[in-house]
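Next up, protein_23.txt (compact mmCIF, C-alpha atoms):
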```txt
# COMPACT_ATOMS: atom_id res chain seq x y z
CA MET O 178 0.00 0.00 0.00
CA LEU O 179 1.02 3.60 -0.62
CA LYS O 180 0.90 6.37 1.98
CA GLY O 181 -0.70 9.78 1.66
CA ILE O 182 -1.34 12.88 3.74
CA THR O 183 -3.88 15.68 3.42
CA PHE O 184 -4.36 19.08 5.04
CA SER O 185 -5.99 22.43 4.30
CA ASP O 186 -6.40 26.02 5.48
CA LEU O 187 -2.82 27.24 5.76
CA HIS O 188 -4.09 30.65 4.60
CA LEU O 189 -0.66 31.68 3.39
CA LEU O 190 -0.31 35.37 2.43
CA ALA O 191 -2.68 36.49 5.21
CA GLY O 192 0.11 36.94 7.77
CA ARG O 193 -0.95 34.14 10.10
CA GLN O 194 2.37 32.34 9.59
CA LYS O 195 5.36 33.12 7.42
CA GLU O 196 5.71 31.13 4.23
CA LYS O 197 9.16 29.93 5.33
CA HIS O 198 7.61 28.35 8.44
CA TRP O 199 6.51 25.44 6.24
CA GLU O 200 9.89 24.57 4.77
CA PRO O 201 10.58 21.65 7.19
CA TRP O 202 7.08 20.36 6.50
CA MET O 203 7.72 20.60 2.75
CA ARG O 204 10.75 18.36 3.02
CA ARG O 205 8.71 15.78 4.93
CA TRP O 206 5.79 15.90 2.47
CA ARG O 207 8.17 15.36 -0.46
CA SER O 208 10.14 12.50 1.08
CA ASP O 209 7.85 10.63 3.49
CA TYR O 210 4.65 10.27 1.44
CA ASP O 211 3.61 8.99 -1.95
CA LEU O 212 0.79 11.52 -2.25
CA CYS O 213 0.13 14.88 -0.64
CA ILE O 214 -3.33 16.48 -1.10
CA LEU O 215 -3.60 20.20 -0.37
CA ASN O 216 -7.30 20.49 0.34
CA GLY O 217 -8.14 24.15 -0.27
CA ASP O 218 -7.39 27.58 1.21
CA ILE O 219 -3.67 26.94 1.10
CA PHE O 220 -3.44 30.58 0.09
CA ASP O 221 -5.68 33.43 1.17
CA PHE O 222 -5.96 35.91 -1.67
CA ARG O 223 -8.93 37.63 -0.09
CA TRP O 224 -6.96 38.70 3.01
CA SER O 225 -3.47 38.81 1.54
CA ARG O 226 -1.12 41.21 3.29
CA GLU O 227 0.18 42.20 -0.16
CA ARG O 228 -1.41 45.35 -1.53
CA ASP O 229 -1.01 44.06 -5.10
CA ARG O 230 -2.86 40.83 -5.77
CA ILE O 231 -0.60 40.03 -8.70
CA GLN O 232 2.30 40.11 -6.25
CA SER O 233 0.34 37.64 -4.12
CA ILE O 234 0.20 35.29 -7.10
CA ARG O 235 3.96 35.65 -7.58
CA ILE O 236 4.57 34.72 -3.93
CA ALA O 237 2.22 31.74 -4.25
CA GLU O 238 4.10 30.59 -7.35
CA ALA O 239 7.46 30.81 -5.57
CA TRP O 240 6.12 28.83 -2.58
CA LEU O 241 4.67 26.09 -4.80
CA ARG O 242 7.79 25.78 -6.92
CA HIS O 243 9.81 25.43 -3.72
CA LEU O 244 7.38 22.70 -2.62
CA LEU O 245 7.72 20.83 -5.92
CA GLU O 246 11.50 21.09 -6.24
CA PRO O 247 13.45 18.97 -5.94
CA ARG O 248 11.29 16.07 -7.07
CA GLU O 249 11.60 13.31 -4.49
CA ARG O 250 8.89 10.76 -3.71
CA ALA O 251 5.50 12.45 -3.53
CA HIS O 252 2.88 13.36 -6.08
CA PHE O 253 0.87 16.47 -5.19
CA VAL O 254 -2.81 17.24 -5.69
CA ILE O 255 -4.11 20.77 -5.10
CA LEU O 256 -7.81 21.52 -4.60
CA LEU O 257 -9.38 24.96 -4.27
CA GLY O 258 -11.22 26.57 -1.36
CA ASN O 259 -13.26 29.72 -1.00
CA HIS O 260 -10.18 31.87 -0.23
CA ASP O 261 -8.03 30.69 -3.15
CA SER O 262 -10.45 30.02 -6.00
CA CYS O 263 -9.61 33.16 -7.96
CA PRO O 264 -9.02 32.85 -11.73
CA HIS O 265 -5.41 34.08 -11.53
CA TYR O 266 -4.55 31.23 -9.16
CA GLN O 267 -6.25 28.68 -11.41
CA LEU O 268 -4.16 29.91 -14.33
CA LEU O 269 -1.06 29.52 -12.17
CA LEU O 270 -1.99 25.94 -11.27
CA LYS O 271 -2.55 25.10 -14.92
CA GLN O 272 0.90 26.45 -15.74
CA LEU O 273 2.56 24.58 -12.88
CA SER O 274 0.82 21.30 -13.72
CA ASP O 275 2.24 21.66 -17.24
CA ASP O 276 5.71 22.25 -15.78
CA TYR O 277 5.61 19.46 -13.17
CA GLU O 278 4.23 16.05 -14.04
CA HIS O 279 3.92 15.20 -10.34
CA LEU O 280 1.42 18.04 -9.75
CA HIS O 281 -2.31 17.71 -10.41
CA TRP O 282 -5.17 20.02 -9.48
CA GLU O 283 -8.95 20.16 -9.54
CA GLU O 284 -11.35 22.93 -8.74
CA HIS O 285 -13.83 21.08 -6.53
CA TRP O 286 -12.96 17.52 -5.44
CA TRP O 287 -10.71 14.50 -5.99
CA VAL O 288 -11.77 10.83 -5.77
CA LEU O 289 -9.19 8.23 -4.76
CA GLY O 290 -10.66 4.73 -4.48
CA ASP O 291 -13.14 4.82 -1.59
CA LYS O 292 -11.95 8.27 -0.46
CA ILE O 293 -12.90 11.75 -1.59
CA PHE O 294 -11.23 15.06 -0.82
CA LEU O 295 -12.88 18.48 -1.04
CA HIS O 296 -12.66 21.76 0.81
CA GLY O 297 -16.17 21.50 2.20
CA ASP O 298 -17.35 25.08 1.72
CA ILE O 299 -20.87 23.93 0.82
CA PRO O 300 -23.18 26.94 1.37
CA ASP O 301 -26.59 25.21 1.62
CA LEU O 302 -28.51 21.95 1.34
CA SER O 303 -29.31 22.25 -2.38
CA GLY O 304 -26.47 20.00 -3.50
CA GLU O 305 -25.97 22.14 -6.61
CA LEU O 306 -22.50 22.79 -7.98
CA GLU O 307 -23.67 26.13 -9.38
CA THR O 308 -24.48 27.31 -5.85
CA LEU O 309 -20.95 26.49 -4.69
CA GLN O 310 -19.44 28.29 -7.67
CA ALA O 311 -21.56 31.38 -7.02
CA TYR O 312 -20.60 31.34 -3.34
CA ARG O 313 -16.91 31.19 -4.17
CA ALA O 314 -17.15 33.93 -6.78
CA HIS O 315 -18.87 36.22 -4.28
CA HIS O 316 -16.64 35.27 -1.36
CA ASN O 317 -13.32 35.51 -3.13
CA GLY O 318 -13.94 38.76 -4.95
CA LEU O 319 -13.21 38.37 -8.64
CA SER O 320 -12.31 42.05 -8.90
CA MET O 321 -8.95 41.20 -7.29
CA GLN O 322 -9.22 44.34 -5.15
CA PRO O 323 -7.57 44.05 -1.72
CA PRO O 324 -9.67 44.81 1.39
CA HIS O 325 -9.73 48.28 2.87
CA PRO O 326 -6.79 48.81 5.26
CA ILE O 327 -9.13 49.22 8.24
CA ARG O 328 -10.83 45.87 7.52
CA HIS O 329 -7.43 44.29 7.11
CA TRP O 330 -6.28 45.69 10.47
CA PHE O 331 -9.34 44.22 12.24
CA TYR O 332 -8.74 40.86 10.58
CA LYS O 333 -5.08 40.77 11.62
CA SER O 334 -6.01 41.80 15.17
CA ALA O 335 -8.61 39.03 15.37
CA THR O 336 -5.98 36.55 14.20
CA ARG O 337 -3.44 37.66 16.82
CA VAL O 338 -5.85 37.15 19.74
CA GLY O 339 -7.12 33.83 18.39
CA ILE O 340 -10.66 34.84 17.41
CA THR O 341 -10.33 33.51 13.85
CA GLY O 342 -9.24 30.15 15.25
CA THR O 343 -11.83 30.02 18.02
CA VAL O 344 -15.03 31.19 16.34
CA PRO O 345 -15.31 28.14 14.02
CA ARG O 346 -15.47 25.91 17.08
CA VAL O 347 -19.00 27.11 17.80
CA LEU O 348 -20.12 26.79 14.18
CA PRO O 349 -22.22 23.75 13.17
CA TRP O 350 -19.49 21.55 11.72
CA ARG O 351 -21.90 18.59 11.78
CA LYS O 352 -24.09 20.57 9.41
CA GLN O 353 -21.05 20.86 7.15
CA CYS O 354 -20.93 17.07 6.99
CA LEU O 355 -24.67 16.92 6.22
CA ARG O 356 -24.38 19.51 3.45
CA THR O 357 -21.35 17.74 2.00
CA ASP O 358 -23.14 14.41 2.07
CA ILE O 359 -26.09 15.85 0.11
CA PHE O 360 -23.76 17.63 -2.30
CA LEU O 361 -21.74 14.50 -3.08
CA GLN O 362 -24.84 12.36 -3.49
CA ASN O 363 -26.13 14.88 -6.01
CA GLN O 364 -22.83 15.20 -7.90
CA LEU O 365 -21.57 11.61 -7.88
CA GLY O 366 -24.86 9.70 -7.92
CA SER O 367 -24.42 5.96 -7.38
CA ARG O 368 -20.62 6.35 -7.37
CA TYR O 369 -20.95 7.96 -3.95
CA ASP O 370 -22.17 4.64 -2.53
CA ALA O 371 -18.60 3.35 -2.78
CA ILE O 372 -17.12 6.26 -0.81
CA ARG O 373 -16.08 5.38 2.71
CA ASP O 374 -14.05 8.44 3.80
CA VAL O 375 -14.61 12.14 3.14
CA TYR O 376 -11.78 14.58 3.93
CA LEU O 377 -12.76 18.22 4.49
CA GLY O 378 -11.34 21.59 5.45
CA HIS O 379 -12.96 25.02 5.67
CA THR O 380 -14.38 25.07 9.22
CA HIS O 381 -10.90 24.98 10.88
CA VAL O 382 -12.35 22.46 13.36
CA HIS O 383 -10.42 19.23 13.74
CA PHE O 384 -12.43 16.01 13.89
CA ALA O 385 -11.92 12.44 12.71
CA ASP O 386 -14.13 9.40 12.06
CA TYR O 387 -17.41 11.29 12.40
CA GLU O 388 -19.95 8.87 10.95
CA HIS O 389 -22.92 10.05 8.91
CA HIS O 390 -25.05 7.57 6.95
CA GLY O 391 -22.23 5.02 7.02
CA THR O 392 -19.58 7.45 5.72
CA LEU O 393 -16.69 8.71 7.84
CA PHE O 394 -15.90 12.44 7.76
CA HIS O 395 -12.54 13.95 8.72
CA ASN O 396 -11.18 17.49 9.04
CA CYS O 397 -7.52 18.28 9.76
CA GLY O 398 -8.31 21.66 11.34
CA ALA O 399 -6.07 24.70 10.85
CA PRO O 400 -2.67 25.90 12.15
CA PHE O 401 -3.99 28.97 13.98
CA ARG O 402 -4.05 30.17 17.51
CA GLY O 403 -7.15 28.70 19.15
CA ALA O 404 -7.45 25.85 16.64
CA ARG O 405 -5.95 22.36 16.23
CA PHE O 406 -4.00 21.24 13.17
CA ARG O 407 -3.76 17.48 12.57
CA PRO O 408 -2.91 16.53 8.95
CA ALA O 409 -4.64 13.24 8.14
CA GLU O 410 -2.73 10.24 6.86
CA PHE O 411 -4.35 7.61 4.63
CA GLN O 412 -3.42 4.57 2.57
CA PHE O 413 -4.21 3.73 -1.03
CA SER O 414 -3.12 1.36 -3.79
CA ASP O 415 -1.28 2.11 -7.00
CA THR O 416 -4.34 0.87 -8.92
CA GLN O 417 -6.51 3.42 -7.13
CA TRP O 418 -4.01 6.18 -7.88
CA GLN O 419 -3.88 5.37 -11.58
CA ALA O 420 -7.69 5.28 -11.75
CA SER O 421 -7.96 8.63 -9.95
CA ARG O 422 -5.56 10.25 -12.42
CA GLN O 423 -7.77 9.07 -15.26
CA ASN O 424 -11.01 10.18 -13.59
CA PRO O 425 -10.36 12.42 -10.55
CA LEU O 426 -14.01 13.41 -10.22
CA GLY O 427 -15.24 9.82 -10.09
CA VAL O 428 -18.13 10.47 -12.51
CA GLU O 429 -18.78 9.58 -16.13
CA LEU O 430 -19.15 13.16 -17.30
CA TYR O 431 -17.49 16.28 -15.93
CA ARG O 432 -20.25 18.53 -14.70
CA TYR O 433 -18.56 21.87 -15.19
```

Show me this structure written as C-alpha cells.
Amino acid sequence: MLKGITFSDLHLLAGRQKEKHWEPWMRRWRSDYDLCILNGDIFDFRWSRERDRIQSIRIAEAWLRHLLEPRERAHFVILLGNHDSCPHYQLLLKQLSDDYEHLHWEEHWWVLGDKIFLHGDIPDLSGELETLQAYRAHHNGLSMQPPHPIRHWFYKSATRVGITGTVPRVLPWRKQCLRTDIFLQNQLGSRYDAIRDVYLGHTHVHFADYEHHGTLFHNCGAPFRGARFRPAEFQFSDTQWQASRQNPLGVELYRY
C-alpha cells in the first residue's frame, strides 16, 4: 500500500504564519509520502497582506515551486477553497501542472478509491455545484481588489488574539458534513455509494471518524491560535491512484 497525507487552510499570504515556516514540512511531504493532497485555502488571496494581488500570485508561485522542487517521492494534488479560488490562481496551477508532471489540481474535489477530498465550503442543502461556484465567486472577490486597510487591520487583530481560530469551534461543523453528504450524493450519484471516507477543510475544526449515513468524515483543522491542526494520513493502492488520475471526479461526465 502507498501512503498519503492531506491538510488544508494554511491561509498563506494572510500573515498568520510566514511562508518559510513550512519549509521543514515541505521536506517531509516530499520525502515521506507517496501523495500529498492540499485540500483548499492553502493561500488566502482575499486577506493577503500584499497590496497588489498580482504580487500575491507571484509569492504563491514561488512557494509552490519550492514545494515541488526537488522532485523526491510524492505526487501532489491541489484543490481549491473559497479563499483561493480566484481565476489568476487557477491559471497559475494550470501552468505549474504543465511544468511538473507530479502536480495535479482540480477545482472542486478528488476521488481516490473509496476516499474523496474536497474543501467542504458547501453553502446550503441544495447540493448544486452552481451554488458552490456562485458562493466562491462572491466570497473571493473576482475584482482582485484588496480589502480596505481598516478591515485588514481588524482581521489581523482578530488573528493575533485567536478569534479567527476560536469562532469556528461554535459553528455547526456537523451541518457541514450533512451539506457535504447531500452535495456529493447529487454530484456523484451511485458512485458515492462506494465512498467510505470524506476529507474536508474550511471550518478549521479538527475532527476524525465522524460517521454520517455510514460514511466517515474527517477534518484536519487549521494551524492557527485557538485551533488544532492534525494533517490526516491515509493509505491507497497504485491501482486506485492510476484510476484517480484518469477520472479524478469519479463520474462519467465532468459537470462543469

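Straight-line separation from CA of Pro408 (chain O) to CA of Phe184 (chain O): 4.9 Å.
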
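Across the structure, CA of Leu187 (chain O) and CA of Pro201 (chain O) are spaced 14.6 Å apart.
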
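What separates CA of Ala251 (chain O) from CA of His281 (chain O) is a distance of 11.7 Å.
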
- Task: Could you tell me which of O:Leu244, O:Ser421, O:Arg351, O:His188 comes closest to Tyr387 (chain O) if we count all atoms listed in the file?
- Result: O:Arg351

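By only C-alpha atoms, and with residues fewer than 6 positions from Arg407 (chain O) along its chain excluded, the set lying at most 8 Å from it is Phe184, His383, Cys397, Gly398 and Ala399 of chain O.
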
Report as a PDB file with C-alpha atoms, in the frame of the given file all protein, DNA and RNA residues lying within 9 Å of Trp286 (chain O), evaluated on all atoms listed in the file, omitting residues in the same chain fewer than 4 positions from it.
```
ATOM      1  CA  ASN O 216      -7.300  20.490   0.340  1.00  0.00           C
ATOM      2  CA  LEU O 256      -7.810  21.520  -4.600  1.00  0.00           C
ATOM      3  CA  LEU O 257      -9.380  24.960  -4.270  1.00  0.00           C
ATOM      4  CA  ILE O 293     -12.900  11.750  -1.590  1.00  0.00           C
ATOM      5  CA  PHE O 294     -11.230  15.060  -0.820  1.00  0.00           C
ATOM      6  CA  LEU O 295     -12.880  18.480  -1.040  1.00  0.00           C
ATOM      7  CA  HIS O 296     -12.660  21.760   0.810  1.00  0.00           C
ATOM      8  CA  PRO O 425     -10.360  12.420 -10.550  1.00  0.00           C
ATOM      9  CA  LEU O 426     -14.010  13.410 -10.220  1.00  0.00           C
TER      10      LEU O 426
END
```
